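J.: Hey, dropping work11.txt in here, compact mmCIF, C-alpha atoms:
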# COMPACT_ATOMS: atom_id res chain seq x y z
CA MET G 605 -49.14 -31.69 -93.15
CA ASN G 606 -47.27 -30.12 -96.07
CA LYS G 607 -49.47 -27.41 -97.66
CA VAL G 608 -48.49 -24.10 -99.22
CA ILE G 609 -50.72 -21.28 -100.45
CA LEU G 610 -49.04 -18.38 -102.26
CA MET G 611 -50.19 -15.33 -104.16
CA GLY G 612 -47.76 -13.51 -106.40
CA ARG G 613 -46.69 -12.55 -109.89
CA LEU G 614 -44.62 -14.49 -112.39
CA THR G 615 -41.15 -13.01 -112.77
CA ARG G 616 -40.99 -14.24 -116.39
CA ASP G 617 -42.99 -16.49 -118.71
CA ALA G 618 -43.36 -20.05 -117.41
CA GLU G 619 -40.77 -22.41 -118.94
CA ILE G 620 -42.50 -25.54 -120.30
CA ARG G 621 -40.87 -28.82 -121.28
CA TYR G 622 -42.25 -32.22 -122.13
CA SER G 623 -40.72 -35.48 -120.89
CA GLN G 624 -39.58 -38.07 -123.42
CA GLY G 625 -41.26 -41.42 -123.93
CA ASP G 626 -44.66 -42.85 -124.73
CA ALA G 627 -46.55 -40.93 -122.08
CA SER G 628 -45.01 -37.47 -122.27
CA THR G 629 -45.60 -35.29 -119.23
CA ALA G 630 -45.73 -31.49 -119.29
CA VAL G 631 -43.40 -29.86 -116.75
CA ALA G 632 -43.57 -26.12 -116.04
CA ARG G 633 -40.88 -24.27 -114.08
CA PHE G 634 -41.47 -20.72 -112.95
CA THR G 635 -40.64 -18.23 -110.22
CA LEU G 636 -43.33 -16.47 -108.23
CA ALA G 637 -42.58 -13.06 -106.67
CA VAL G 638 -44.53 -13.00 -103.41
CA ASP G 639 -44.74 -9.71 -101.49
CA ARG G 640 -43.90 -9.78 -97.82
CA ARG G 641 -45.94 -7.77 -95.37
CA VAL G 642 -44.81 -4.17 -95.21
CA ARG G 643 -42.09 -3.53 -92.64
CA ARG G 644 -40.87 -0.28 -91.22
CA ASP G 645 -37.13 0.30 -91.26
CA ALA G 646 -35.09 2.25 -88.69
CA ASN G 647 -36.07 5.57 -90.34
CA ASN G 648 -39.79 4.72 -90.09
CA ASN G 649 -40.06 4.29 -93.87
CA ASP G 650 -42.25 1.58 -95.32
CA SER G 651 -40.25 -0.90 -97.37
CA GLN G 652 -41.80 -3.40 -99.74
CA THR G 653 -39.87 -6.62 -100.09
CA ALA G 654 -40.61 -9.81 -101.97
CA ASP G 655 -39.53 -13.42 -101.89
CA PHE G 656 -38.78 -15.14 -105.19
CA ILE G 657 -40.03 -18.70 -104.88
CA SER G 658 -39.09 -21.47 -107.30
CA CYS G 659 -42.09 -23.51 -108.38
CA VAL G 660 -42.77 -26.51 -110.59
CA ALA G 661 -46.05 -27.87 -112.00
CA PHE G 662 -46.90 -31.06 -113.86
CA ASN G 663 -49.50 -32.31 -116.35
CA ARG G 664 -52.69 -30.21 -116.61
CA THR G 665 -51.43 -27.52 -114.26
CA ALA G 666 -48.30 -27.17 -116.40
CA GLU G 667 -50.43 -26.96 -119.56
CA PHE G 668 -52.53 -24.21 -117.93
CA LEU G 669 -49.33 -22.26 -117.24
CA GLU G 670 -48.15 -22.86 -120.81
CA ARG G 671 -51.29 -21.09 -122.06
CA PHE G 672 -51.60 -18.33 -119.47
CA GLY G 673 -48.30 -18.10 -117.56
CA ARG G 674 -46.99 -14.75 -118.75
CA LYS G 675 -44.59 -12.42 -116.97
CA GLY G 676 -46.41 -10.20 -114.47
CA THR G 677 -49.59 -12.29 -114.28
CA LYS G 678 -50.85 -12.64 -110.72
CA PHE G 679 -51.72 -16.17 -109.58
CA ILE G 680 -52.86 -17.96 -106.45
CA LEU G 681 -51.05 -21.24 -106.06
CA GLU G 682 -51.80 -24.19 -103.83
CA GLY G 683 -49.27 -26.96 -103.44
CA ARG G 684 -46.56 -28.48 -101.28
CA ILE G 685 -42.88 -27.93 -100.52
CA GLN G 686 -40.48 -30.49 -101.90
CA THR G 687 -36.78 -30.71 -101.13
CA GLY G 688 -34.13 -32.63 -102.97
CA SER G 689 -30.47 -32.79 -103.84
CA TYR G 690 -28.17 -33.70 -106.70
CA THR G 691 -24.47 -33.73 -107.50
CA ASN G 692 -23.44 -31.11 -110.04
CA LYS G 693 -20.76 -31.55 -112.71
CA ASP G 694 -18.08 -30.31 -110.29
CA GLY G 695 -18.94 -33.09 -107.84
CA GLN G 696 -20.55 -30.74 -105.32
CA ARG G 697 -23.81 -31.58 -103.57
CA VAL G 698 -26.58 -29.07 -104.42
CA TYR G 699 -29.73 -28.88 -102.28
CA THR G 700 -33.01 -27.71 -103.78
CA THR G 701 -36.34 -26.49 -102.43
CA ASP G 702 -39.32 -26.07 -104.76
CA VAL G 703 -43.04 -25.58 -104.37
CA VAL G 704 -44.89 -28.23 -106.35
CA ALA G 705 -48.01 -26.48 -107.64
CA GLU G 706 -51.06 -28.71 -107.50
CA ASN G 707 -53.62 -25.99 -108.25
CA VAL G 708 -53.07 -22.60 -109.91
CA GLU G 709 -55.74 -19.92 -110.43
CA PHE G 710 -55.83 -16.33 -111.63
CA ALA G 711 -55.68 -13.83 -108.75
CA GLU G 712 -57.05 -10.86 -110.70
CA SER G 713 -59.04 -10.08 -113.80
CA LYS G 714 -57.38 -9.32 -117.10
CA GLY G 715 -58.34 -5.64 -116.80
CA GLN G 716 -56.55 -5.36 -113.46
CA SER G 717 -53.44 -7.15 -114.70
CA ASP G 718 -53.22 -4.79 -117.69
CA GLY G 719 -52.93 -1.87 -115.31
CA GLY G 720 -56.58 -0.91 -115.62
CA ASN G 721 -59.10 -0.86 -112.85
CA GLY G 722 -61.22 -3.86 -113.76
CA GLY G 723 -62.48 -2.40 -117.01
CA PHE G 724 -64.33 0.52 -115.37
CA ALA G 725 -63.33 4.12 -115.57
CA PRO G 726 -64.85 6.30 -112.83
CA ALA G 727 -67.02 8.05 -115.43
CA ASP G 728 -68.38 4.66 -116.59
CA ARG G 729 -69.83 3.79 -113.19
CA PRO G 730 -73.53 4.40 -112.90
CA SER G 731 -74.56 6.88 -110.25
CA PRO G 732 -77.23 5.84 -107.74
CA SER G 733 -80.68 7.14 -108.60
CA GLY G 734 -81.64 10.19 -106.63
CA ALA G 735 -78.03 10.91 -105.64
CA ALA G 736 -77.06 14.39 -104.62
CA GLY G 737 -73.83 15.99 -105.79
CA ASP G 738 -71.95 14.40 -102.87
CA GLY G 739 -72.91 10.85 -103.93
CA PHE G 740 -75.43 10.24 -101.13
CA MET G 741 -79.16 9.78 -101.67
CA ASN G 742 -81.51 12.50 -100.52
CA ILE G 743 -83.91 11.33 -97.79
CA PRO G 744 -87.25 13.09 -97.82
CA ASP G 745 -88.30 15.01 -94.70
CA GLY G 746 -90.86 13.54 -92.32
CA ILE G 747 -89.95 9.83 -92.52
CA ASP G 748 -87.72 9.73 -89.43
CA GLU G 749 -90.01 7.20 -87.70
CA GLU G 750 -89.75 4.77 -90.64
CA LEU G 751 -85.96 4.56 -90.63
CA PRO G 752 -84.57 1.42 -88.90
CA PHE G 753 -81.88 3.42 -87.07
CA ASN G 754 -81.49 6.70 -85.16
Written as structure tokens, how would this file's structure read?
T.:
Amino acid sequence: MNKVILMGRLTRDAEIRYSQGDASTAVARFTLAVDRRVRRDANNNDSQTADFISCVAFNRTAEFLERFGRKGTKFILEGRIQTGSYTNKDGQRVYTTDVVAENVEFAESKGQSDGGNGGFAPADRPSPSGAAGDGFMNIPDGIDEELPFN
């Protein structure tokens, strides 16, 4: 089975081209920056690293990326790994590995991607009714037997 699921941000706007001929096909090439899990180095410091993965998408998926594939946008991608090779102009053999994106979806809302917090400022959040100053509801005295826990 050859299946890949990635979540990361575009390193730059997706590059879209259309094939020549009667039935032109949209082809999108892009690089996804995917964070690795946090590792501790020898000095016990957390270090964030990322892999930069070359991806390609075709047809409707490529057209989706043409509309929405902007630098920094976070996507979830589902696809497969594809390897290949070609001979460059110097006669050297070049090996390639790409992820062919079969499905691409947004991984966060527009408010989150713009650096906001989902469109809510802490002051905009409604407070629960009957909340005390500490954010917890006041429970009236004398109803201890009615509570479903001790």
J.: Quick one: what's the axis-aligned box for segment 705-714 of chain G, all listed atoms, 5 Å on every side, centre and edges in Å to one decimal, as lines of an AutoDock Vina configuration file?
T.:
center_x = -53.5
center_y = -19.0
center_z = -112.3
size_x = 21.0
size_y = 29.4
size_z = 19.6
J.: Which value, in Å to one decimal, gives the distance between atom CA of Val708 of chain G and atom CA of Ile680 of chain G?
T.: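 Rounded to one decimal, the two atoms are 5.8 Å apart.
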J.: Identify, on the basis of only C-alpha atoms, every residue whose closest approach to Phe634 of chain G does not exceed 9 Å; exclude the query and any residue fewer than 3 positions from it along the same chain; express the result as a ChimeraX atom specification.
T.: /G:614-620,657-661,673
J.: For each of G:Ala627, G:Val703, G:Ala654, G:Leu681, take the minimum atom-to-atom distance to Arg640 of chain G, counting all atoms listed in the file, then give the residue where this is smallest.
T.: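 Comparing G:Ala627, G:Val703, G:Ala654, G:Leu681 against Arg640 of chain G, the winner is G:Ala654.
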J.: One decimal, in Å: what's the spacing between atom CA of Gln686 of chain G and atom CA of Ala705 of chain G?
T.: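 Result for atom CA of Gln686 of chain G versus atom CA of Ala705 of chain G: 10.3 Å, one decimal.
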J.: I'd like the interatomic distance between atom CA of Val631 of chain G and atom CA of Gly683 of chain G, to a tenth of an Å.
T.: 14.8 Å
J.: Between G:Asp655, G:Ala632, G:Thr687, G:Leu669, which residue has the minimum interatomic distance to Thr700 of chain G, considering only C-alpha atoms?
T.: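 Among the listed residues, the smallest separation from Thr700 of chain G belongs to G:Thr687.
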J.: Model the absent atoms of segment 680-697 of chain G so that N, CA, C and O atoms are present, and write the result as a compact mmCIF listing (two decimals), keeping the file's coordinate frame.
T.:
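Contents of selection-v4.txt, as written:
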# COMPACT_ATOMS: atom_id res chain seq x y z
N ILE G 680 -52.79 -17.32 -107.76
CA ILE G 680 -52.86 -17.96 -106.45
C ILE G 680 -52.50 -19.41 -106.69
O ILE G 680 -53.04 -20.05 -107.59
N LEU G 681 -51.59 -19.90 -105.88
CA LEU G 681 -51.05 -21.24 -106.06
C LEU G 681 -51.28 -22.04 -104.79
O LEU G 681 -51.09 -21.53 -103.69
N GLU G 682 -51.68 -23.27 -104.95
CA GLU G 682 -51.80 -24.19 -103.83
C GLU G 682 -50.95 -25.40 -104.15
O GLU G 682 -50.97 -25.92 -105.27
N GLY G 683 -50.15 -25.84 -103.19
CA GLY G 683 -49.27 -26.96 -103.44
C GLY G 683 -48.56 -27.43 -102.19
O GLY G 683 -49.08 -27.29 -101.08
N ARG G 684 -47.35 -27.95 -102.39
CA ARG G 684 -46.56 -28.48 -101.28
C ARG G 684 -45.10 -28.17 -101.50
O ARG G 684 -44.66 -27.94 -102.64
N ILE G 685 -44.32 -28.14 -100.42
CA ILE G 685 -42.88 -27.93 -100.52
C ILE G 685 -42.20 -29.27 -100.73
O ILE G 685 -42.56 -30.26 -100.09
N GLN G 686 -41.24 -29.27 -101.64
CA GLN G 686 -40.48 -30.49 -101.90
C GLN G 686 -39.00 -30.15 -101.91
O GLN G 686 -38.58 -29.19 -102.57
N THR G 687 -38.23 -30.91 -101.17
CA THR G 687 -36.78 -30.71 -101.13
C THR G 687 -36.09 -31.86 -101.84
O THR G 687 -36.66 -32.94 -101.99
N GLY G 688 -34.90 -31.59 -102.30
CA GLY G 688 -34.13 -32.63 -102.97
C GLY G 688 -32.67 -32.24 -103.05
O GLY G 688 -32.26 -31.18 -102.55
N SER G 689 -31.89 -33.09 -103.66
CA SER G 689 -30.47 -32.79 -103.84
C SER G 689 -29.95 -33.55 -105.05
O SER G 689 -30.54 -34.54 -105.48
N TYR G 690 -28.85 -33.04 -105.59
CA TYR G 690 -28.17 -33.70 -106.70
C TYR G 690 -26.71 -33.31 -106.65
O TYR G 690 -26.31 -32.37 -105.97
N THR G 691 -25.89 -34.04 -107.40
CA THR G 691 -24.47 -33.73 -107.50
C THR G 691 -24.23 -33.05 -108.84
O THR G 691 -24.58 -33.59 -109.89
N ASN G 692 -23.66 -31.84 -108.79
CA ASN G 692 -23.44 -31.11 -110.04
C ASN G 692 -22.19 -31.65 -110.76
O ASN G 692 -21.53 -32.57 -110.27
N LYS G 693 -21.88 -31.05 -111.90
CA LYS G 693 -20.76 -31.55 -112.71
C LYS G 693 -19.41 -31.38 -112.04
O LYS G 693 -18.45 -32.03 -112.42
N ASP G 694 -19.33 -30.49 -111.03
CA ASP G 694 -18.08 -30.31 -110.29
C ASP G 694 -17.98 -31.25 -109.10
O ASP G 694 -17.04 -31.16 -108.31
N GLY G 695 -18.96 -32.14 -108.93
CA GLY G 695 -18.94 -33.09 -107.84
C GLY G 695 -19.45 -32.54 -106.52
O GLY G 695 -19.33 -33.20 -105.49
N GLN G 696 -20.03 -31.34 -106.55
CA GLN G 696 -20.55 -30.74 -105.32
C GLN G 696 -22.02 -31.09 -105.14
O GLN G 696 -22.78 -31.16 -106.11
N ARG G 697 -22.43 -31.28 -103.90
CA ARG G 697 -23.81 -31.58 -103.57
C ARG G 697 -24.62 -30.27 -103.57
O ARG G 697 -24.24 -29.31 -102.91
